[in-house]
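Structure data follow from start.cif (mmCIF, C-alpha atoms):
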data_protein
loop_
_atom_site.label_atom_id
_atom_site.label_comp_id
_atom_site.auth_asym_id
_atom_site.auth_seq_id
_atom_site.Cartn_x
_atom_site.Cartn_y
_atom_site.Cartn_z
CA LEU A 276 -20.92 9.59 -5.02
CA LEU A 277 -20.02 7.30 -7.91
CA GLU A 278 -22.13 4.49 -6.47
CA ARG A 279 -24.99 6.85 -5.72
CA ASP A 280 -25.07 8.84 -8.97
CA LEU A 281 -23.66 6.39 -11.54
CA PRO A 282 -24.44 2.95 -10.07
CA GLU A 283 -24.02 1.10 -13.40
CA ILE A 284 -20.46 2.43 -13.77
CA ALA A 285 -19.67 1.60 -10.13
CA ARG A 286 -20.95 -1.97 -10.56
CA ALA A 287 -18.92 -2.42 -13.75
CA LEU A 288 -15.75 -1.18 -12.03
CA ALA A 289 -16.31 -3.53 -9.08
CA HIS A 290 -16.94 -6.42 -11.49
CA GLU A 291 -13.60 -5.70 -13.17
CA GLY A 292 -11.77 -5.85 -9.84
CA ALA A 293 -11.88 -2.32 -8.42
CA ARG A 294 -11.15 -2.48 -4.70
CA LYS A 295 -13.69 -1.26 -2.15
CA VAL A 296 -11.95 0.43 0.78
CA SER A 297 -13.72 1.14 4.07
CA ILE A 298 -13.21 4.68 5.31
CA ALA A 299 -13.78 3.46 8.87
CA GLU A 300 -10.80 1.11 8.51
CA ILE A 301 -8.66 4.05 7.38
CA LEU A 302 -9.71 6.05 10.43
CA ARG A 303 -8.94 3.11 12.73
CA PHE A 304 -5.46 2.90 11.26
CA ARG A 305 -4.82 6.65 11.25
CA PHE A 306 -6.13 7.16 14.81
CA PRO A 307 -5.33 3.91 16.69
CA GLY A 308 -6.90 5.02 19.97
CA VAL A 309 -10.30 5.70 18.44
CA ALA A 310 -13.06 3.10 18.23
CA ILE A 311 -15.39 3.72 15.28
CA THR A 312 -18.93 3.01 16.44
CA ALA A 313 -21.07 4.48 13.67
CA LYS A 314 -23.78 2.17 12.35
CA ASP A 315 -22.84 2.98 8.78
CA GLU A 316 -19.12 2.36 9.32
CA SER A 317 -19.12 0.38 6.08
CA THR A 318 -19.06 3.68 4.19
CA SER A 319 -16.47 3.02 1.53
CA PHE A 320 -15.05 4.15 -1.78
CA LEU A 321 -13.70 2.40 -4.86
CA CYS A 322 -10.01 2.33 -5.78
CA PHE A 323 -9.11 1.69 -9.42
CA SER A 324 -6.67 2.70 -12.13
CA ARG A 325 -7.34 5.33 -14.76
CA SER A 326 -6.94 2.69 -17.46
CA LEU A 327 -9.73 0.57 -15.94
CA LEU A 328 -12.04 3.58 -15.68
CA GLN A 329 -11.37 4.54 -19.30
CA ARG A 330 -12.08 0.98 -20.47
CA VAL A 331 -15.35 0.75 -18.51
CA LEU A 332 -16.50 4.16 -19.74
CA LEU A 333 -15.65 3.33 -23.34
CA GLU A 334 -17.68 0.12 -23.16
CA GLU A 335 -20.62 2.06 -21.71
CA VAL A 336 -20.35 4.64 -24.50
CA LYS A 337 -20.41 1.89 -27.14
CA ARG A 338 -23.50 0.33 -25.56
CA SER A 339 -25.20 3.74 -25.61
CA ARG A 340 -24.53 4.04 -29.38
CA ILE A 341 -22.69 7.32 -28.91
CA GLU A 342 -20.46 8.21 -31.84
CA LEU A 343 -16.85 8.85 -30.92
CA VAL A 344 -14.76 11.25 -32.98
CA ARG A 345 -11.02 11.12 -32.35
CA ALA A 346 -9.65 14.57 -33.06
CA ARG A 347 -8.07 17.59 -31.39
CA VAL A 348 -10.35 20.54 -30.70
CA SER A 349 -8.81 23.67 -32.21
CA GLY A 350 -11.56 26.14 -31.30
CA LEU A 351 -15.21 26.82 -30.57
CA LEU A 352 -18.00 27.60 -33.03
CA ARG A 353 -20.15 30.55 -32.03
CA GLU A 354 -23.13 32.43 -33.40
CA GLY A 355 -23.81 35.62 -31.48
CA ASN A 356 -23.30 34.71 -27.84
CA VAL A 357 -24.14 31.01 -28.28
CA VAL A 358 -21.53 28.28 -28.70
CA ASN A 359 -22.92 25.74 -31.15
CA GLY A 360 -20.04 23.31 -31.61
CA VAL A 361 -16.29 22.91 -32.00
CA GLU A 362 -13.65 23.20 -34.67
CA LEU A 363 -11.60 20.08 -35.39
CA GLY A 364 -8.99 21.62 -37.64
CA ALA A 365 -10.77 22.17 -40.96
CA THR A 366 -13.82 20.17 -39.77
CA ARG A 367 -16.81 21.60 -37.93
CA LEU A 368 -18.79 19.56 -35.42
CA GLU A 369 -22.03 21.26 -34.39
CA SER A 370 -23.77 20.60 -31.09
CA GLU A 371 -26.61 21.88 -28.98
CA LEU A 372 -24.49 21.82 -25.82
CA THR A 373 -20.69 21.79 -25.60
CA LEU A 374 -18.85 20.56 -22.49
CA ASP A 375 -15.17 21.01 -21.73
CA THR A 376 -14.21 17.82 -19.88
CA THR A 377 -10.56 17.83 -20.97
CA GLY A 378 -9.20 18.11 -17.44
CA ALA A 379 -6.50 20.23 -15.85
CA GLY A 380 -4.64 20.44 -19.16
CA SER A 381 -7.55 22.06 -20.99
CA THR A 382 -6.54 24.43 -23.79
CA ARG A 383 -9.72 26.46 -23.29
CA SER A 384 -7.75 29.69 -22.91
CA ALA A 385 -6.52 29.34 -26.50
CA TRP A 386 -10.09 28.70 -27.72
CA LEU A 387 -11.31 31.86 -25.99
CA GLU A 388 -8.39 33.92 -27.29
CA LYS A 389 -9.22 32.78 -30.82
CA LEU A 390 -12.73 34.19 -30.33
CA GLY A 391 -11.35 37.44 -28.91
CA ILE A 392 -12.78 36.64 -25.49
CA GLY A 393 -11.09 36.57 -22.14
CA PRO A 394 -8.89 36.24 -20.37
CA GLU A 395 -10.44 33.63 -18.10
CA ARG A 396 -9.09 34.04 -14.61
CA PHE A 397 -8.20 31.40 -12.02
CA GLN A 398 -7.91 31.60 -8.26
CA THR A 399 -5.11 29.53 -6.71
CA TYR A 400 -4.67 28.41 -3.10
CA GLY A 401 -1.60 26.95 -1.45
CA PRO A 402 1.60 25.75 -3.07
CA ARG A 403 2.16 24.15 -6.45
CA TYR A 404 2.97 20.45 -6.42
CA VAL A 405 4.93 17.70 -8.10
CA SER A 406 3.29 14.26 -8.20
CA LEU A 407 5.51 11.18 -7.95
CA ALA A 408 3.93 7.76 -8.56
CA LYS A 409 4.96 4.17 -9.19
CA PHE A 410 2.74 1.24 -10.13
CA TYR A 411 3.34 -2.32 -8.95
CA ARG A 412 2.12 -5.92 -9.11
CA THR A 413 2.41 -8.16 -6.07
CA THR A 414 2.56 -11.90 -5.50
CA LEU A 415 0.76 -11.46 -2.18
CA PRO A 416 -3.02 -11.94 -1.90
CA SER A 417 -4.91 -8.81 -2.94
CA SER A 418 -6.22 -8.55 0.62
CA SER A 419 -2.65 -7.73 1.66
CA ILE A 420 -2.79 -4.46 -0.26
CA GLN A 421 -4.12 -2.04 2.33
CA PHE A 422 -4.91 1.62 1.76
CA ASP A 423 -2.29 3.51 3.78
CA LEU A 424 -1.89 7.25 4.02
CA ALA A 425 1.16 8.97 5.41
CA SER A 426 2.71 12.39 5.51
CA GLY A 427 6.12 13.76 6.27
CA GLN A 428 7.38 17.29 6.69
CA ASN A 429 7.69 17.64 2.92
CA PHE A 430 5.12 15.30 1.37
CA ARG A 431 1.75 13.57 1.52
CA GLY A 432 1.23 10.15 0.04
CA GLY A 433 0.35 6.54 0.49
CA VAL A 434 -0.43 3.12 -0.91
CA TYR A 435 -3.46 2.95 -3.18
CA PRO A 436 -5.00 -0.47 -3.95
CA LEU A 437 -5.99 -0.90 -7.58
CA GLU A 438 -7.73 -3.77 -9.32
CA GLY A 439 -6.54 -7.33 -8.76
CA ASP A 440 -2.88 -7.66 -7.79
CA ARG A 441 -2.02 -4.07 -8.69
CA PHE A 442 -1.35 -1.08 -6.48
CA ALA A 443 0.25 2.35 -6.68
CA ILE A 444 2.39 4.37 -4.33
CA ALA A 445 1.91 8.08 -4.91
CA LEU A 446 3.39 11.17 -3.32
CA VAL A 447 2.58 14.84 -3.69
CA VAL A 448 5.50 17.16 -2.96
CA PRO A 449 5.58 21.00 -2.94
CA GLU A 450 7.62 22.32 -5.86
CA GLN A 451 9.78 24.34 -3.48
CA VAL A 452 10.87 21.08 -1.82
CA LEU A 453 11.76 19.42 -5.11
CA PRO A 454 12.77 22.34 -7.35
CA GLU A 455 14.81 20.18 -9.74
CA VAL A 456 11.64 18.49 -10.98
CA ASN A 457 13.30 17.41 -14.22
CA ASP A 458 16.14 15.73 -12.34
CA ARG A 459 14.89 12.12 -12.37
CA ALA A 460 17.71 10.92 -10.10
CA ALA A 461 16.74 13.48 -7.43
CA ALA A 462 13.07 12.53 -7.74
CA GLU A 463 13.88 8.80 -7.42
CA LYS A 464 16.02 9.50 -4.33
CA PHE A 465 13.26 11.54 -2.69
CA PHE A 466 10.65 8.86 -3.52
CA ASP A 467 12.75 6.03 -2.05
CA ALA A 468 13.42 8.01 1.14
CA ALA A 469 9.71 8.78 1.58
CA LEU A 470 8.75 5.09 1.35
CA ALA A 471 10.21 4.55 4.81
CA ARG A 472 7.53 6.89 6.17
CA ILE A 473 4.63 4.93 4.67
CA PRO A 474 3.44 2.24 7.10
CA ARG A 475 3.64 -1.41 5.99
CA SER A 476 5.04 -0.49 2.56
CA SER A 477 8.30 -2.40 3.09
CA ILE A 478 6.51 -5.75 3.53
CA LEU A 479 4.38 -5.13 0.46
CA LEU A 480 7.27 -3.98 -1.73
CA ALA A 481 9.40 -7.01 -0.81
CA ALA A 482 6.91 -9.19 -2.73
CA SER A 483 6.15 -6.76 -5.55
CA THR A 484 7.58 -5.63 -8.88
CA ALA A 485 7.30 -2.16 -10.40
CA THR A 486 5.46 -2.23 -13.73
CA ARG A 487 6.40 1.29 -14.80
CA ASP A 488 9.16 3.79 -14.15
CA LEU A 489 8.54 6.60 -11.68
CA GLN A 490 5.85 8.90 -13.11
CA ILE A 491 6.55 12.61 -12.57
CA VAL A 492 3.86 15.25 -13.10
CA LYS A 493 4.57 18.89 -12.33
CA GLY A 494 2.54 22.06 -12.15
CA LEU A 495 -0.25 20.72 -9.91
CA GLY A 496 -2.08 22.82 -7.35
CA ASN A 497 -5.44 23.95 -5.97
CA ARG A 498 -7.04 26.04 -8.70
CA ILE A 499 -10.60 27.14 -9.46
CA SER A 500 -11.82 28.97 -12.54
CA THR A 501 -13.90 32.14 -12.22
CA PHE A 502 -15.79 31.20 -15.43
CA TYR A 503 -19.14 30.68 -13.71
CA PHE A 504 -18.68 33.76 -11.51
CA SER A 505 -17.92 36.10 -14.42
CA PRO A 506 -21.31 37.01 -15.98
CA LYS A 507 -19.71 38.85 -18.90
CA LEU A 508 -17.60 35.83 -19.85
CA ALA A 509 -20.32 33.23 -19.29
CA ASP A 510 -22.97 35.31 -21.11
CA SER A 511 -20.77 35.46 -24.19
CA LEU A 512 -20.42 31.65 -24.23
CA GLN A 513 -23.93 30.34 -23.68
CA GLY A 514 -24.21 26.62 -24.36
CA PHE A 515 -20.60 26.04 -23.29
CA LEU A 516 -19.97 24.48 -19.87
CA PRO A 517 -16.59 23.43 -18.44
CA ILE A 518 -16.85 20.71 -15.78
CA GLY A 519 -14.51 18.53 -13.73
CA ASP A 520 -10.80 19.29 -13.51
CA SER A 521 -11.09 21.78 -16.36
CA VAL A 522 -12.78 24.18 -13.95
CA LEU A 523 -11.71 23.02 -10.48
CA VAL A 524 -8.41 21.28 -9.69
CA GLY A 525 -7.40 19.96 -6.28
CA ASN A 526 -4.50 18.17 -4.68
CA PRO A 527 -4.61 14.68 -6.29
CA ILE A 528 -3.55 12.96 -3.08
CA TYR A 529 -7.08 13.35 -1.69
CA GLY A 530 -8.55 11.33 -4.56
CA ARG A 531 -11.55 13.63 -4.89
CA GLY A 532 -11.28 14.68 -8.54
CA ILE A 533 -13.61 12.00 -9.93
CA SER A 534 -16.16 12.53 -7.16
CA LEU A 535 -16.26 16.28 -7.76
CA ALA A 536 -16.73 15.73 -11.50
CA VAL A 537 -19.45 13.10 -10.94
CA SER A 538 -21.30 15.52 -8.68
CA GLN A 539 -21.24 18.19 -11.40
CA LEU A 540 -22.28 15.68 -14.05
CA ASP A 541 -25.23 14.50 -11.98
CA ASP A 542 -26.39 18.09 -11.45
CA LEU A 543 -26.08 18.71 -15.21
CA MET A 544 -28.15 15.62 -16.05
CA GLN A 545 -30.86 16.68 -13.63
CA ALA A 546 -30.83 20.24 -14.99
CA ARG A 547 -31.15 18.95 -18.56
CA GLY A 548 -34.14 16.91 -17.50
CA THR A 549 -35.94 19.95 -16.11
CA ASP A 550 -34.67 22.86 -18.21
CA GLY A 551 -34.13 21.14 -21.57
CA THR A 552 -32.38 23.59 -23.88
CA ASP A 553 -32.69 26.66 -21.63
CA LEU A 554 -29.00 27.55 -21.86
CA SER A 555 -29.05 30.35 -19.30
CA GLY A 556 -30.95 28.07 -16.91
CA LEU A 557 -28.35 25.34 -17.37
CA ARG A 558 -25.52 27.74 -16.67
CA ALA A 559 -27.26 28.94 -13.51
CA LYS A 560 -27.66 25.33 -12.34
CA MET A 561 -23.99 24.58 -13.02
CA THR A 562 -22.96 27.73 -11.16
CA ALA A 563 -24.98 26.48 -8.19
CA SER A 564 -23.37 23.05 -8.59
CA LEU A 565 -19.88 24.56 -8.43
CA LYS A 566 -20.82 26.55 -5.33
CA LYS A 567 -22.09 23.32 -3.76
CA ILE A 568 -18.86 21.37 -4.27
CA ARG A 569 -16.48 24.26 -3.59
CA PRO A 570 -16.43 23.67 0.22
CA TYR A 571 -15.10 20.12 -0.24
CA TRP A 572 -12.35 21.40 -2.50
CA LEU A 573 -11.62 24.22 -0.03
CA ASP A 574 -11.19 21.68 2.81
CA GLY A 575 -8.16 20.26 1.03
CA ALA A 576 -6.89 23.66 -0.06
CA ILE A 577 -6.90 24.92 3.54
CA ALA A 578 -5.10 21.76 4.71
CA ASP A 579 -2.49 22.29 2.01
CA ARG A 580 -1.95 25.87 3.06
CA ALA A 581 -1.53 24.73 6.65
CA ASP A 582 1.10 22.21 5.54
CA GLU A 583 2.90 24.65 3.25
CA VAL A 584 6.59 24.83 4.11
CA SER A 585 6.64 28.32 5.58
CA ASN A 586 7.10 30.00 8.94
CA ARG A 587 4.85 32.92 8.06
CA PRO A 588 2.41 33.74 10.91
CA SER A 589 -0.61 32.98 8.69
CA ARG A 590 0.71 29.46 7.98
CA ARG A 591 1.48 28.81 11.65
CA LEU A 592 -2.05 29.93 12.55
CA LEU A 593 -3.62 27.57 10.00
CA ARG A 594 -1.54 24.66 11.30
CA LEU A 595 -2.54 25.50 14.86
CA LEU A 596 -6.25 25.72 14.02
CA ARG A 597 -6.17 22.45 12.08
CA ASP A 598 -4.31 20.59 14.84
CA ARG A 599 -6.70 21.88 17.48
CA TYR A 600 -9.69 20.82 15.39
CA VAL A 601 -8.29 17.31 14.99
CA ALA A 602 -7.46 17.10 18.70
CA THR A 603 -10.98 18.23 19.62
CA VAL A 604 -13.12 16.28 17.16
CA ILE A 605 -11.28 12.98 16.58
CA PRO A 606 -11.58 11.70 20.20
CA GLN A 607 -15.36 12.17 20.03
CA LEU A 608 -15.58 9.55 17.27
CA ALA A 609 -15.24 6.88 19.96
CA THR A 610 -18.54 7.80 21.63
CA ASP A 611 -20.67 9.71 19.12
CA PRO A 612 -22.03 7.59 16.23
CA GLU A 613 -23.78 10.55 14.59
CA LEU A 614 -20.59 12.61 14.61
CA THR A 615 -18.75 9.65 13.09
CA ARG A 616 -21.39 9.30 10.38
CA ARG A 617 -20.90 12.95 9.44
CA PHE A 618 -17.13 12.53 9.49
CA LEU A 619 -17.38 9.59 7.09
CA TYR A 620 -19.77 11.48 4.83
CA ASN A 621 -17.27 14.33 4.65
CA TYR A 622 -14.69 11.86 3.36
CA GLN A 623 -17.26 10.86 0.73
CA LEU A 624 -17.85 14.50 -0.34
CA MET A 625 -21.43 14.23 0.85
CA LEU A 626 -21.09 16.71 3.72
CA PRO A 627 -18.82 19.80 3.99
CA ALA A 628 -16.41 19.96 6.93
CA TRP A 629 -18.21 22.73 8.80
CA ARG A 630 -21.32 20.51 9.02
CA ILE A 631 -19.49 17.70 10.78
CA THR A 632 -20.10 19.43 14.11
CA GLY A 633 -22.15 22.44 13.01
CA PRO A 634 -20.74 25.90 12.24
CA ARG A 635 -20.55 27.15 15.84
CA GLN A 636 -18.99 23.95 17.15
CA TYR A 637 -16.63 23.87 14.18
CA LEU A 638 -15.43 27.40 14.92
CA ALA A 639 -15.21 26.66 18.65
CA ALA A 640 -13.09 23.58 17.94
CA LEU A 641 -10.79 25.63 15.73
CA LEU A 642 -10.42 28.26 18.43
CA ASN A 643 -10.09 25.64 21.21
CA ARG A 644 -13.02 27.07 23.17
#
Show me, as structure tokens, the structure contained in the file I just sent.
Amino acid sequence: LLERDLPEIARALAHEGARKVSIAEILRFRFPGVAITAKDESTSFLCFSRSLLQRVLLEEVKRSRIELVRARVSGLLREGNVVNGVELGATRLESELTLDTTGAGSTRSAWLEKLGIGPERFQTYGPRYVSLAKFYRTTLPSSSIQFDLASGQNFRGGVYPLEGDRFAIALVVPEQVLPEVNDRAAAEKFFDAALARIPRSSILLAASTATRDLQIVKGLGNRISTFYFSPKLADSLQGFLPIGDSVLVGNPIYGRGISLAVSQLDDLMQARGTDGTDLSGLRAKMTASLKKIRPYWLDGAIADRADEVSNRPSRRLLRLLRDRYVATVIPQLATDPELTRRFLYNYQLMLPAWRITGPRQYLAALLNR
């Protein structure tokens, strides 16, 4: 999606060393008995660090002559039902359109409370997570850093190539598995034990040095705001649009956060081009955009629920359905190029899971019929 919707940014990232990873190669590694035959098997995605993305975006902003104001937003400005800017402490910054792109840590709830509006509600799916990550530099050729995914009974994770000689190893662990999240020694012990489950990591780590201590982030999970589906709330905040992780948060291990945000941003840019300053029209377009990307987010949320550490019948059923789907669909990738193309496009967030085989076939695969 980044290459399709923001090609200049994608080219700049690649120029600065972002690694292009073939999804077909990942599938070959994950499912050794399957031969990928799709004509467009080169479908790929870019791997890069947050610091590189921020640097590239900042340079693009400077070239666009956009004025940057470094300040903390303390509230929203509103006249009637229209948001017309933000408060920066004692300073007011007026705007025609206000976007909340502050991510999963958005303080939007406090802004709404200050206006006497709310509360904004969120729907959550699956367990809450702790993210464990370490960053490394290697003396091996960059081609030796391969994208590897692995999962154990209590985690998902893998090796993520970054730019140049850098890579990261990241794990996502349910909070119930690692309840003492503030116990760094326990987190380090869990991280080291999990490395043995990640293929080829031992060879890579033998020639690498950690550049940062273990990074621990808690309170993660699959969460979606009901902002766009609450007419009363949205009508009272016309001209205000939350996008990206501030409205929809997924399991970070899938690496879909940027793609979901880019999809929303592209829809917003197209809507602005057709609707101009029609604020209600823009909100309607962004509501449609969120509905469009929700299935991709739900794919991961359902997988997380299936993997949730629980023996409840509903969890066992989800695990059974998922395993049957994988057992039914994956072998067909060896002989069906069109099916493989759809599978790869699902990885790219360009096709929801139920359209890989069609809704009836998808349901039949789940039910093993």
Inset, instruction - Rounded to one decimal place, report the atom CA of Ser521 of chain A-atom CA of Arg459 of chain A distance in Å. - result: 28.0 Å
Legend entry - Given only C-alpha atoms as the counted atoms, nearest of A:Ser370, A:Arg294, A:Ser477, A:Gln451 to Gly401 of chain A: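 Residue with the minimum atom-to-atom distance to Gly401 of chain A: A:Gln451.
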Inset, instruction - Write out as number ranges by chain each polymer residue whose atoms come within 12 Å of Phe504 of chain A, counting all atoms listed in the file; drop sequence neighbours fewer than 2 positions from it. - result: A: 395-398, 499-502, 506-510, 522, 558-559, 561-563, 565-566
Please, could you write that set of residues out with C-alpha atoms as a compact mmCIF listing (two decimals), keeping the file's coordinate frame?
# COMPACT_ATOMS: atom_id res chain seq x y z
CA GLU A 395 -10.44 33.63 -18.10
CA ARG A 396 -9.09 34.04 -14.61
CA PHE A 397 -8.20 31.40 -12.02
CA GLN A 398 -7.91 31.60 -8.26
CA ILE A 499 -10.60 27.14 -9.46
CA SER A 500 -11.82 28.97 -12.54
CA THR A 501 -13.90 32.14 -12.22
CA PHE A 502 -15.79 31.20 -15.43
CA PRO A 506 -21.31 37.01 -15.98
CA LYS A 507 -19.71 38.85 -18.90
CA LEU A 508 -17.60 35.83 -19.85
CA ALA A 509 -20.32 33.23 -19.29
CA ASP A 510 -22.97 35.31 -21.11
CA VAL A 522 -12.78 24.18 -13.95
CA ARG A 558 -25.52 27.74 -16.67
CA ALA A 559 -27.26 28.94 -13.51
CA MET A 561 -23.99 24.58 -13.02
CA THR A 562 -22.96 27.73 -11.16
CA ALA A 563 -24.98 26.48 -8.19
CA LEU A 565 -19.88 24.56 -8.43
CA LYS A 566 -20.82 26.55 -5.33
Legend entry - Who sits within 12 Å of Ser326 of chain A, only C-alpha atoms, same chain under 3 positions skipped, as a ChimeraX atom specification: /A:288,291,293,323,329-333,437-438
Inset, instruction - To one decimal in Å, tell me the separation between atom CA of Tyr571 of chain A and atom CA of Leu540 of chain A. - result: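 Answer for the atom CA of Tyr571 of chain A to atom CA of Leu540 of chain A separation: 16.2 Å.
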Inset, instruction - Rank A:Ser534, A:Ser476, A:Asn359, A:Thr376 by their smallest atom-to-atom distance to Leu554 of chain A, using only C-alpha atoms, and report the top residue only. - result: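 Smallest separation from Leu554 of chain A among the options: A:Asn359.
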Inset, instruction - Run the PyMOL selection byres ((chain A and resi 494) around 10) mentally over the shown coordinates, then write out the matched residues as a list in words, using the chain letters and numbers from the document. - result: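 Given this file, the PyMOL selection byres ((chain A and resi 494) around 10) evaluates to Ala379, Pro402, Arg403, Tyr404, Val405, Ser406, Pro449, Glu450, Val456, Val492, Lys493, Leu495 and Gly496 of chain A.
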Inset, instruction - Go through A:Glu371, A:Glu283, A:Gly530, A:Gly519 one by one, measure the shortest atom-to-atom distance of each to Glu334 of chain A using all atoms listed in the file, and give the residue with the smallest value. - result: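 Distance minimum relative to Glu334 of chain A lands on A:Glu283.
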Inset, instruction - Specify as a PyMOL selection string each residue included when the PyMOL selection byres ((chain A and resi 410-427) around 6) is applied to this file. - result: chain A and resi 409+428-436+440-443+473+482-487
Legend entry - Distance criterion (only C-alpha atoms): nearest to His290 of chain A out of A:Gly439, A:Ile528, A:Leu387, A:Gly360: A:Gly439
Inset, instruction - Please evaluate the PyMOL selection byres ((chain A and resi 408) around 6) against the displayed coordinates and give the resulting residues as a PyMOL selection string. - result: chain A and resi 407+409+444-445+489-490
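Nearest to Gly532 of chain A of all the residues A:Ala285, A:Ile568, A:Ala546, A:Leu372 is A:Ile568, based on all atoms listed in the file.
Atom pair atom CA of Arg347 of chain A / atom CA of Glu362 of chain A: separated by 8.6 Å.
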